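So this block is data26.cif, mmCIF, C-alpha atoms:
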```cif
data_upload
loop_
_atom_site.label_atom_id
_atom_site.label_comp_id
_atom_site.auth_asym_id
_atom_site.auth_seq_id
_atom_site.Cartn_x
_atom_site.Cartn_y
_atom_site.Cartn_z
CA MET I 17 0.00 0.00 0.00
CA VAL I 18 2.71 2.51 1.01
CA GLY I 19 4.85 1.37 -1.92
CA ALA I 20 2.00 2.06 -4.33
CA VAL I 21 1.60 5.59 -2.95
CA VAL I 22 5.32 6.31 -3.25
CA ALA I 23 5.39 4.82 -6.77
CA ALA I 24 2.53 7.13 -7.79
CA ILE I 25 4.54 10.28 -6.95
CA PRO I 26 5.91 11.83 -10.16
CA TYR I 27 9.70 11.84 -10.60
CA PRO I 28 9.97 15.65 -10.79
CA VAL I 29 8.29 15.90 -7.37
CA LEU I 30 10.69 13.34 -5.91
CA GLY I 31 13.60 15.21 -7.51
CA GLY I 32 12.44 18.50 -6.00
CA ALA I 33 12.05 16.90 -2.59
CA GLY I 34 15.54 15.42 -2.92
CA ILE I 35 17.03 18.80 -3.78
CA VAL I 36 15.39 20.39 -0.74
CA LEU I 37 16.45 17.51 1.51
CA PHE I 38 20.10 17.45 0.45
CA GLY I 39 20.27 21.25 0.32
CA SER I 40 19.03 21.39 3.91
CA VAL I 41 21.63 18.84 4.99
CA ALA I 42 24.40 20.80 3.24
CA ALA I 43 23.26 24.11 4.77
CA SER I 44 23.14 22.53 8.21
CA GLY I 45 26.66 21.19 7.76
CA ILE I 46 27.97 24.57 6.63
CA ARG I 47 26.33 26.24 9.63
CA THR I 48 27.93 23.68 11.95
CA LEU I 49 31.37 24.16 10.38
CA SER I 50 31.07 27.94 10.74
CA ARG I 51 30.94 27.48 14.52
CA VAL I 52 34.18 25.48 14.67
CA ASP I 53 37.16 27.14 16.30
CA TYR I 54 40.02 26.95 13.80
CA GLU I 55 42.57 28.95 15.83
CA ASP I 56 45.43 27.25 17.71
CA ASN I 57 44.33 23.71 16.88
CA LEU I 58 44.30 21.26 13.99
CA ASN I 59 40.58 21.48 13.20
CA MET I 60 41.33 22.90 9.74
CA VAL I 61 43.31 19.75 8.94
CA ILE I 62 40.48 17.55 10.22
CA VAL I 63 37.85 19.30 8.10
CA SER I 64 39.94 19.52 4.94
CA VAL I 65 41.13 15.90 5.00
CA ALA I 66 37.66 14.57 5.85
CA VAL I 67 36.02 16.53 3.01
CA ALA I 68 38.76 15.45 0.59
CA VAL I 69 38.28 11.77 1.49
CA GLY I 70 34.52 12.23 1.10
CA ILE I 71 35.02 13.52 -2.44
CA ILE I 72 37.09 10.50 -3.52
CA PRO I 73 34.06 8.32 -4.44
CA ILE I 74 32.86 11.07 -6.78
CA ALA I 75 36.23 12.07 -8.25
CA ALA I 76 37.68 8.55 -8.58
CA PRO I 77 34.89 5.95 -8.28
CA THR I 78 37.27 2.98 -8.55
CA PHE I 79 39.77 4.29 -5.97
CA TRP I 80 38.60 2.00 -3.15
CA ASP I 81 38.41 -1.13 -5.39
CA ALA I 82 42.01 -2.07 -4.53
CA PHE I 83 41.16 -2.24 -0.82
CA PRO I 84 39.46 -5.17 0.95
CA GLU I 85 35.79 -5.44 -0.01
CA SER I 86 34.46 -4.76 3.50
CA PHE I 87 36.51 -1.56 3.68
CA GLY I 88 35.49 -0.52 0.18
CA VAL I 89 31.79 -0.95 0.92
CA ILE I 90 32.03 1.61 3.72
CA MET I 91 34.36 4.02 1.95
CA HIS I 92 32.43 4.05 -1.36
CA SER I 93 29.91 6.31 0.38
CA GLY I 94 31.23 9.85 0.65
CA ILE I 95 29.12 10.51 3.74
CA SER I 96 30.38 7.51 5.68
CA ALA I 97 33.98 8.06 4.54
CA THR I 98 33.88 11.71 5.63
CA ALA I 99 32.30 10.87 8.98
CA ILE I 100 34.77 8.09 9.78
CA VAL I 101 37.82 10.16 8.84
CA ALA I 102 36.55 13.20 10.78
CA VAL I 103 35.88 11.15 13.93
CA VAL I 104 39.23 9.35 13.78
CA LEU I 105 41.24 12.52 13.13
CA ASN I 106 39.33 14.45 15.79
CA TYR I 107 40.14 11.72 18.29
CA LEU I 108 43.82 11.61 17.29
CA PHE I 109 44.36 15.39 17.17
CA ASN I 110 42.08 16.62 19.97
CA GLU I 111 41.70 13.75 22.44
CA VAL I 112 45.02 11.90 22.37
CA THR I 113 47.28 14.52 23.90
CA ALA I 114 50.57 12.62 23.94
CA GLY I 115 53.07 14.57 21.85
CA ASN I 116 50.75 17.47 21.09
CA LYS I 117 52.33 20.89 21.35
CA PRO I 118 50.26 23.68 22.88
CA GLY I 119 48.84 25.92 20.18
CA ALA I 120 49.55 23.44 17.37
CA SER I 121 47.95 24.78 14.24
CA VAL I 122 48.41 24.76 10.50
CA PHE I 123 48.45 28.55 10.74
CA ALA I 124 51.25 28.55 13.33
CA ALA I 125 53.38 26.06 11.40
CA SER I 126 55.44 28.71 9.66
CA GLU I 127 56.80 32.08 10.56
CA ASP I 128 54.91 35.22 9.69
CA LYS I 129 56.33 36.60 6.44
CA ARG I 130 53.94 39.46 5.85
CA ASP I 131 55.39 42.46 4.09
CA ASN I 132 55.73 45.95 5.52
CA PHE I 133 53.69 47.58 2.79
CA GLY I 134 50.73 49.82 3.44
CA GLU I 135 47.14 48.85 3.07
CA ARG I 136 46.73 50.72 -0.23
CA LEU I 137 48.94 50.98 -3.29
CA ASP I 138 49.15 54.77 -2.87
CA ASP I 139 50.76 54.30 0.56
CA ASP I 140 53.48 52.10 -0.97
CA ILE I 141 54.16 54.54 -3.80
CA ARG I 142 54.52 57.48 -1.38
CA ARG I 143 56.87 55.47 0.86
CA SER I 144 59.17 54.46 -2.02
CA ASN I 145 59.61 58.06 -3.31
#
```

Translate the structure described by the file into structure tokens.
Amino acid sequence: MVGAVVAAIPYPVLGGAGIVLFGSVAASGIRTLSRVDYEDNLNMVIVSVAVAVGIIPIAAPTFWDAFPESFGVIMHSGISATAIVAVVLNYLFNEVTAGNKPGASVFAASEDKRDNFGERLDDDIRRSN
């Protein structure tokens, strides 16, 4: 009975509902990521690596075929791959504290090499004359 009702729904309506559903999920994820503190920690690494691993099934669909089948089944889904990588990296970088330096961050990994120029081009021209 329920199957017959779902089967009677036109494909464009299902497509529109899918767009709204996945758009809402994406917007919720973006809102969540905007609240993350990226200063003095490795959260930027966690997010970037997790998103990159989640894109692998789309960019290279056969990438996980060389791995054991049970591993490939899980990692062929971008959502599950992203979630697993994010949880594991979060645990390793933020919970396991052995060897972590205070203030470790991808932003603090190199020295500040900003120039001494002004904020506008006119300021730089006046200074050089």

Per-axis box centre and lengths in Å around stretch 93-102 of chain I, 3 Å margin per side, axis-aligned, as JSON:
```
{"center_x": 33.5, "center_y": 9.8, "center_z": 5.6, "size_x": 14.7, "size_y": 12.9, "size_z": 16.4}
```

Hey, can you pull every residue with an atom no more than 6 Å from (34.6, -0.2, -3.8), using all atoms listed in the file, and send it as a tab-separated table (two decimals) with C-alpha atoms, keeping the file's coordinate frame?
```tsv
chain	number	residue	atom	x	y	z
I	80	TRP	CA	38.60	2.00	-3.15
I	81	ASP	CA	38.41	-1.13	-5.39
I	88	GLY	CA	35.49	-0.52	0.18
I	89	VAL	CA	31.79	-0.95	0.92
I	92	HIS	CA	32.43	4.05	-1.36
```

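You will find atom CA of I:Gly70 at 8.7 Å from atom CA of I:Val101.
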
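For the pair atom CA of I:Ile71 and atom CA of I:Phe87, the interatomic distance is 16.3 Å.
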
Write out as a PyMOL selection string each polymer residue whose atoms come within 9 Å of stretch 62-68 of chain I, counting only C-alpha atoms; drop sequence neighbours fewer than 4 positions from it. chain I and resi 49+58+72+94+97-103+105-106+109

Taking only C-alpha atoms into account, name the residue in I:Asn110, I:Pro73, I:Pro84, I:Ala43 that is nearest to I:Asn57. I:Asn110

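When atom CA of I:Asn59 is paired with atom CA of I:Tyr107, their separation reads 11.0 Å.
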